[in-house]
$ cat target_12.cif   # mmCIF, C-alpha atoms
data_coords
loop_
_atom_site.group_PDB
_atom_site.id
_atom_site.type_symbol
_atom_site.label_atom_id
_atom_site.label_comp_id
_atom_site.auth_asym_id
_atom_site.auth_seq_id
_atom_site.Cartn_x
_atom_site.Cartn_y
_atom_site.Cartn_z
ATOM 1 C CA MET A 8 116.706 88.824 126.369
ATOM 2 C CA TYR A 9 113.012 88.887 125.511
ATOM 3 C CA ILE A 10 111.212 87.130 122.697
ATOM 4 C CA ILE A 11 108.134 89.048 121.573
ATOM 5 C CA VAL A 12 105.736 87.020 119.430
ATOM 6 C CA GLY A 13 102.705 88.414 117.613
ATOM 7 C CA LEU A 14 100.114 85.763 116.819
ATOM 8 C CA GLY A 15 98.315 85.806 113.498
ATOM 9 C CA ASN A 16 97.938 84.137 110.133
ATOM 10 C CA PRO A 17 100.602 84.602 107.438
ATOM 11 C CA GLU A 18 98.533 84.981 104.268
ATOM 12 C CA GLU A 19 97.751 88.382 102.771
ATOM 13 C CA LYS A 20 94.001 87.702 102.937
ATOM 14 C CA TYR A 21 94.222 87.722 106.762
ATOM 15 C CA LEU A 22 96.248 90.927 106.996
ATOM 16 C CA LYS A 23 93.438 93.214 108.216
ATOM 17 C CA THR A 24 91.445 90.658 110.177
ATOM 18 C CA PHE A 25 90.822 90.741 113.907
ATOM 19 C CA HIS A 26 92.887 87.580 114.322
ATOM 20 C CA ASN A 27 95.994 89.414 113.079
ATOM 21 C CA MET A 28 96.155 92.051 115.820
ATOM 22 C CA GLY A 29 99.224 90.307 117.249
ATOM 23 C CA TYR A 30 100.967 90.443 113.855
ATOM 24 C CA ILE A 31 100.192 94.148 113.561
ATOM 25 C CA ALA A 32 101.338 94.888 117.120
ATOM 26 C CA VAL A 33 104.666 93.045 116.795
ATOM 27 C CA GLY A 34 105.125 94.853 113.469
ATOM 28 C CA ASP A 35 104.762 98.098 115.429
ATOM 29 C CA VAL A 36 107.454 96.886 117.857
ATOM 30 C CA ALA A 37 109.779 96.274 114.906
ATOM 31 C CA ALA A 38 108.983 99.666 113.370
ATOM 32 C CA LYS A 39 109.584 101.475 116.676
ATOM 33 C CA THR A 40 113.000 99.804 116.983
ATOM 34 C CA GLY A 41 113.883 100.465 113.332
ATOM 35 C CA VAL A 42 114.112 96.849 112.186
ATOM 36 C CA LYS A 43 112.321 94.649 109.664
ATOM 37 C CA PHE A 44 111.341 90.991 109.554
ATOM 38 C CA LYS A 45 114.115 89.855 107.227
ATOM 39 C CA LYS A 46 114.814 86.256 108.122
ATOM 40 C CA ARG A 47 112.756 83.133 108.481
ATOM 41 C CA GLU A 48 113.607 80.622 111.171
ATOM 42 C CA CYS A 49 111.800 78.429 113.671
ATOM 43 C CA GLU A 50 108.651 78.536 111.508
ATOM 44 C CA ALA A 51 108.461 82.318 111.907
ATOM 45 C CA PHE A 52 109.547 85.587 110.343
ATOM 46 C CA VAL A 53 112.046 87.092 112.772
ATOM 47 C CA ALA A 54 113.578 90.502 113.476
ATOM 48 C CA GLU A 55 116.212 91.426 116.056
ATOM 49 C CA ALA A 56 116.868 94.683 117.899
ATOM 50 C CA ASN A 57 118.483 96.013 121.052
ATOM 51 C CA ILE A 58 116.754 97.935 123.828
ATOM 52 C CA ASN A 59 118.901 99.420 126.563
ATOM 53 C CA GLY A 60 121.710 97.072 125.533
ATOM 54 C CA GLU A 61 119.489 93.975 125.693
ATOM 55 C CA LYS A 62 118.732 91.858 122.631
ATOM 56 C CA ILE A 63 115.083 91.316 121.739
ATOM 57 C CA ILE A 64 113.703 88.916 119.184
ATOM 58 C CA MET A 65 110.415 89.715 117.449
ATOM 59 C CA ALA A 66 108.544 86.970 115.630
ATOM 60 C CA ARG A 67 105.495 86.333 113.481
ATOM 61 C CA PRO A 68 104.792 82.573 113.289
ATOM 62 C CA VAL A 69 103.935 81.191 109.851
ATOM 63 C CA THR A 70 102.261 78.107 111.328
ATOM 64 C CA TYR A 71 98.793 79.696 111.271
ATOM 65 C CA MET A 72 97.093 80.638 114.482
ATOM 66 C CA ASN A 73 96.059 77.231 115.789
ATOM 67 C CA ALA A 74 99.625 75.857 115.627
ATOM 68 C CA SER A 75 101.455 78.975 116.893
ATOM 69 C CA GLY A 76 102.958 77.057 119.785
ATOM 70 C CA ARG A 77 105.285 75.113 117.487
ATOM 71 C CA ALA A 78 107.083 78.282 116.439
ATOM 72 C CA VAL A 79 107.180 79.647 119.993
ATOM 73 C CA LYS A 80 108.698 76.421 121.337
ATOM 74 C CA GLN A 81 111.361 76.450 118.603
ATOM 75 C CA LEU A 82 112.219 80.109 119.275
ATOM 76 C CA LEU A 83 112.640 79.517 123.010
ATOM 77 C CA ALA A 84 114.966 76.584 122.269
ATOM 78 C CA LYS A 85 117.009 78.362 119.596
ATOM 79 C CA TYR A 86 117.577 81.488 121.675
ATOM 80 C CA LYS A 87 118.047 79.506 124.902
ATOM 81 C CA THR A 88 115.597 81.523 126.939
ATOM 82 C CA ASP A 89 112.752 80.539 129.207
ATOM 83 C CA ALA A 90 109.064 81.390 129.183
ATOM 84 C CA GLU A 91 109.554 84.125 131.799
ATOM 85 C CA HIS A 92 111.187 86.180 129.026
ATOM 86 C CA LEU A 93 108.430 85.559 126.511
ATOM 87 C CA ILE A 94 105.805 88.140 125.555
ATOM 88 C CA ILE A 95 102.876 86.973 123.416
ATOM 89 C CA MET A 96 100.708 89.617 121.710
ATOM 90 C CA TYR A 97 97.314 88.581 120.371
ATOM 91 C CA ASP A 98 93.670 89.443 119.746
ATOM 92 C CA ASP A 99 91.233 88.649 122.529
ATOM 93 C CA TYR A 100 87.506 88.273 121.981
ATOM 94 C CA ASP A 101 86.927 88.240 125.734
ATOM 95 C CA ILE A 102 87.721 91.954 126.176
ATOM 96 C CA PRO A 103 86.151 95.054 124.549
ATOM 97 C CA LYS A 104 87.424 96.292 121.201
ATOM 98 C CA GLY A 105 90.355 98.662 121.305
ATOM 99 C CA SER A 106 91.380 97.856 124.872
ATOM 100 C CA VAL A 107 94.805 96.557 125.858
ATOM 101 C CA ARG A 108 95.371 94.204 128.785
ATOM 102 C CA ILE A 109 98.659 92.898 130.062
ATOM 103 C CA ARG A 110 98.822 89.799 132.252
ATOM 104 C CA PRO A 111 101.887 88.138 133.740
ATOM 105 C CA SER A 112 100.365 84.650 133.273
ATOM 106 C CA GLY A 113 97.036 82.858 132.931
ATOM 107 C CA SER A 114 94.924 80.521 130.878
ATOM 108 C CA ALA A 115 94.281 80.573 127.146
ATOM 109 C CA GLY A 116 90.661 81.626 127.551
ATOM 110 C CA THR A 117 88.822 81.119 124.265
ATOM 111 C CA HIS A 118 91.949 81.617 122.126
ATOM 112 C CA ASN A 119 93.142 78.595 120.115
ATOM 113 C CA GLY A 120 96.523 80.144 119.343
ATOM 114 C CA MET A 121 97.191 80.571 123.046
ATOM 115 C CA ARG A 122 96.043 77.000 123.696
ATOM 116 C CA SER A 123 98.678 75.880 121.221
ATOM 117 C CA VAL A 124 101.403 77.976 122.865
ATOM 118 C CA ILE A 125 100.583 76.688 126.362
ATOM 119 C CA ALA A 126 100.396 73.076 125.166
ATOM 120 C CA GLU A 127 103.720 73.269 123.305
ATOM 121 C CA ILE A 128 105.807 75.061 125.934
ATOM 122 C CA GLY A 129 104.134 73.397 128.917
ATOM 123 C CA THR A 130 103.479 76.487 131.015
ATOM 124 C CA GLN A 131 101.089 79.419 131.402
ATOM 125 C CA ASN A 132 103.778 81.504 133.090
ATOM 126 C CA PHE A 133 104.640 84.017 130.386
ATOM 127 C CA ILE A 134 103.596 87.597 129.694
ATOM 128 C CA ARG A 135 100.682 88.208 127.410
ATOM 129 C CA ILE A 136 99.513 91.469 125.887
ATOM 130 C CA ARG A 137 95.936 91.136 124.718
ATOM 131 C CA ILE A 138 94.228 93.443 122.243
ATOM 132 C CA GLY A 139 90.470 93.491 122.734
ATOM 133 C CA ILE A 140 88.326 92.820 119.681
ATOM 134 C CA ARG A 141 84.838 92.114 121.091
ATOM 135 C CA ASP A 142 82.149 94.320 119.567
ATOM 136 C CA SER A 143 78.858 94.061 121.437
ATOM 137 C CA GLU A 144 77.022 95.278 118.310
ATOM 138 C CA VAL A 145 78.153 92.288 116.216
ATOM 139 C CA ASN A 146 76.343 88.984 116.687
ATOM 140 C CA ILE A 147 78.045 86.327 114.555
ATOM 141 C CA PRO A 148 79.924 83.151 115.557
ATOM 142 C CA ILE A 149 83.373 83.882 117.016
ATOM 143 C CA ILE A 150 85.222 81.961 114.269
ATOM 144 C CA ASN A 151 83.556 84.069 111.575
ATOM 145 C CA TYR A 152 84.148 87.272 113.509
ATOM 146 C CA VAL A 153 87.876 86.803 114.204
ATOM 147 C CA LEU A 154 88.551 86.010 110.546
ATOM 148 C CA SER A 155 86.586 89.007 109.265
ATOM 149 C CA GLU A 156 88.198 92.305 108.338
ATOM 150 C CA VAL A 157 88.172 95.173 110.779
ATOM 151 C CA ARG A 158 85.456 97.636 109.767
ATOM 152 C CA LYS A 159 86.723 100.911 108.279
ATOM 153 C CA GLU A 160 85.105 102.952 111.048
ATOM 154 C CA ASP A 161 87.029 100.910 113.663
ATOM 155 C CA TYR A 162 90.382 100.709 111.896
ATOM 156 C CA GLU A 163 92.012 103.675 113.675
ATOM 157 C CA LEU A 164 90.863 102.343 117.051
ATOM 158 C CA PHE A 165 92.627 99.040 116.413
ATOM 159 C CA ILE A 166 95.760 100.647 114.975
ATOM 160 C CA SER A 167 95.962 102.761 118.132
ATOM 161 C CA ALA A 168 95.474 99.689 120.354
ATOM 162 C CA CYS A 169 98.236 97.823 118.517
ATOM 163 C CA GLY A 170 100.536 100.818 118.971
ATOM 164 C CA ARG A 171 99.819 100.886 122.721
ATOM 165 C CA ALA A 172 100.436 97.138 122.907
ATOM 166 C CA ALA A 173 103.782 97.638 121.132
ATOM 167 C CA ASP A 174 104.728 100.391 123.582
ATOM 168 C CA ALA A 175 103.874 98.054 126.472
ATOM 169 C CA ALA A 176 106.038 95.263 125.039
ATOM 170 C CA LEU A 177 108.940 97.665 124.564
ATOM 171 C CA ALA A 178 108.565 98.989 128.101
ATOM 172 C CA ILE A 179 108.684 95.473 129.569
ATOM 173 C CA ALA A 180 111.554 94.358 127.330
ATOM 174 C CA GLY A 181 113.369 97.564 128.299
ATOM 175 C CA GLY A 182 113.239 96.714 131.985
ATOM 176 C CA GLU A 183 109.932 98.068 133.265
ATOM 177 C CA SER A 184 108.130 95.683 135.597
ATOM 178 C CA VAL A 185 105.008 93.937 134.346
ATOM 179 C CA GLU A 186 103.063 95.525 137.218
ATOM 180 C CA ASN A 187 104.116 99.050 136.182
ATOM 181 C CA ALA A 188 103.302 98.295 132.546
ATOM 182 C CA MET A 189 99.874 96.997 133.607
ATOM 183 C CA THR A 190 99.186 100.236 135.493
ATOM 184 C CA LYS A 191 100.335 102.352 132.558
ATOM 185 C CA PHE A 192 98.827 100.472 129.597
ATOM 186 C CA ASN A 193 95.827 98.400 130.753
ATOM 187 C CA GLY A 194 92.499 99.872 129.763
#
$ encode --input "target_12.cif" --output "structure tokens"
Amino acid sequence: MYIIVGLGNPEEKYLKTFHNMGYIAVGDVAAKTGVKFKKRECEAFVAEANINGEKIIMARPVTYMNASGRAVKQLLAKYKTDAEHLIIMYDDYDIPKGSVRIRPSGSAGTHNGMRSVIAEIGTQNFIRIRIGIRDSEVNIPIINYVLSEVRKEDYELFISACGRAADAALAIAGGESVENAMTKFNG
């Protein structure tokens, strides 16, 4: 069983911000599996589906980005799974806008939500699917940038990136190796 978590902020005003790429991507996972986020548990909105006979849990924490780890820790405990079967999807300012990068483990980089996840679950050994948001043409502080809305001219680029990230998560949850998914989806 895999738990796929999309990081973001729960309020409507954050819906189209860069910091909600994880929410959008995990929403794409749910849409592609034909399910909706109907229940709330473990400080998250949760949906369940099956891929190739395996149960997957999709979640959108309601803890706000900087406390995302609380929800992730609770989900791992409730569903009695370990971090090796965890996929976190999130925005990443450290990679170019519209790109998707999968990593089998690693540090939090500059991302406070990932810092929270690592601190709460006590390991960096989980899969992450990062959606690049850095725009070399924009020169404002990171905190202001990640909480700003995606520009209209870039919206399709980010929707496409979230869709690719969702496909990558489904491939991994469906049994494809992380290495194969990296070859297929990174870029």
$ resolve_selection --input "target_12.cif" --expression "the PyMOL selection byres ((chain A and resi 110) around 8)" --output "list in words"
Arg108, Ile109, Pro111, Ser112, Gly113, Ile134, Arg135, Ile136, Val185 and Met189 of chain A
$ write_last_selection --input "target_12.cif" --atoms "C-alpha atoms" --output "compact mmCIF listing (two decimals), in the coordinates of the input"
# COMPACT_ATOMS: atom_id res chain seq x y z
CA ARG A 108 95.37 94.20 128.78
CA ILE A 109 98.66 92.90 130.06
CA PRO A 111 101.89 88.14 133.74
CA SER A 112 100.36 84.65 133.27
CA GLY A 113 97.04 82.86 132.93
CA ILE A 134 103.60 87.60 129.69
CA ARG A 135 100.68 88.21 127.41
CA ILE A 136 99.51 91.47 125.89
CA VAL A 185 105.01 93.94 134.35
CA MET A 189 99.87 97.00 133.61
$ atom_distance --input "target_12.cif" --atom1 "atom CA of Asn27 of chain A" --atom2 "atom CA of Asn59 of chain A"
28.4 Å
$ closest_residue --input "target_12.cif" --among "A:Pro68, A:Gly34, A:Gly76, A:Pro148" --to "Ala172 of chain A" --atoms "all atoms listed in the file"
A:Gly34
$ resolve_selection --input "target_12.cif" --expression "the PyMOL selection byres ((chain A and resi 61) around 12)" --output "ChimeraX atom specification"
/A:8-10,55-60,62-64,92,177,179-182
$ closest_residue --input "target_12.cif" --among "A:Asn16, A:Gln81, A:Ser106, A:Ser114" --to "Val69 of chain A" --atoms "all atoms listed in the file"
A:Asn16
$ closest_residue --input "target_12.cif" --among "A:Arg122, A:Arg158, A:Lys80, A:His26" --to "Leu14 of chain A" --atoms "all atoms listed in the file"
A:His26
$ closest_residue --input "target_12.cif" --among "A:Lys85, A:Arg171, A:Lys191, A:Arg77" --to "Asp35 of chain A" --atoms "only C-alpha atoms"
A:Arg171
$ resolve_selection --input "target_12.cif" --expression "the PyMOL selection byres ((chain A and resi 28) around 10)" --output "ChimeraX atom specification"
/A:13-16,22-27,29-34,96-99,137-140,153,157,165-166,168-169,172
$ closest_residue --input "target_12.cif" --among "A:Thr70, A:Ala37, A:Tyr86, A:Ile11" --to "Glu50 of chain A" --atoms "all atoms listed in the file"
A:Thr70
$ closest_residue --input "target_12.cif" --among "A:Ala78, A:Lys20, A:Val12, A:Asn187" --to "Glu156 of chain A" --atoms "only C-alpha atoms"
A:Lys20
$ atom_distance --input "target_12.cif" --atom1 "atom CA of Met72 of chain A" --atom2 "atom CA of Leu164 of chain A"
22.7 Å
$ atom_distance --input "target_12.cif" --atom1 "atom CA of Asp101 of chain A" --atom2 "atom CA of Ala51 of chain A"
26.3 Å
$ axis_aligned_box --input "target_12.cif" --around "segment 88-97 of chain A" --padding-each-side "6 Å" --output "AutoDock Vina command-line options"
--center_x 106.5 --center_y 85.1 --center_z 126.1 --size_x 30.3 --size_y 21.1 --size_z 23.4
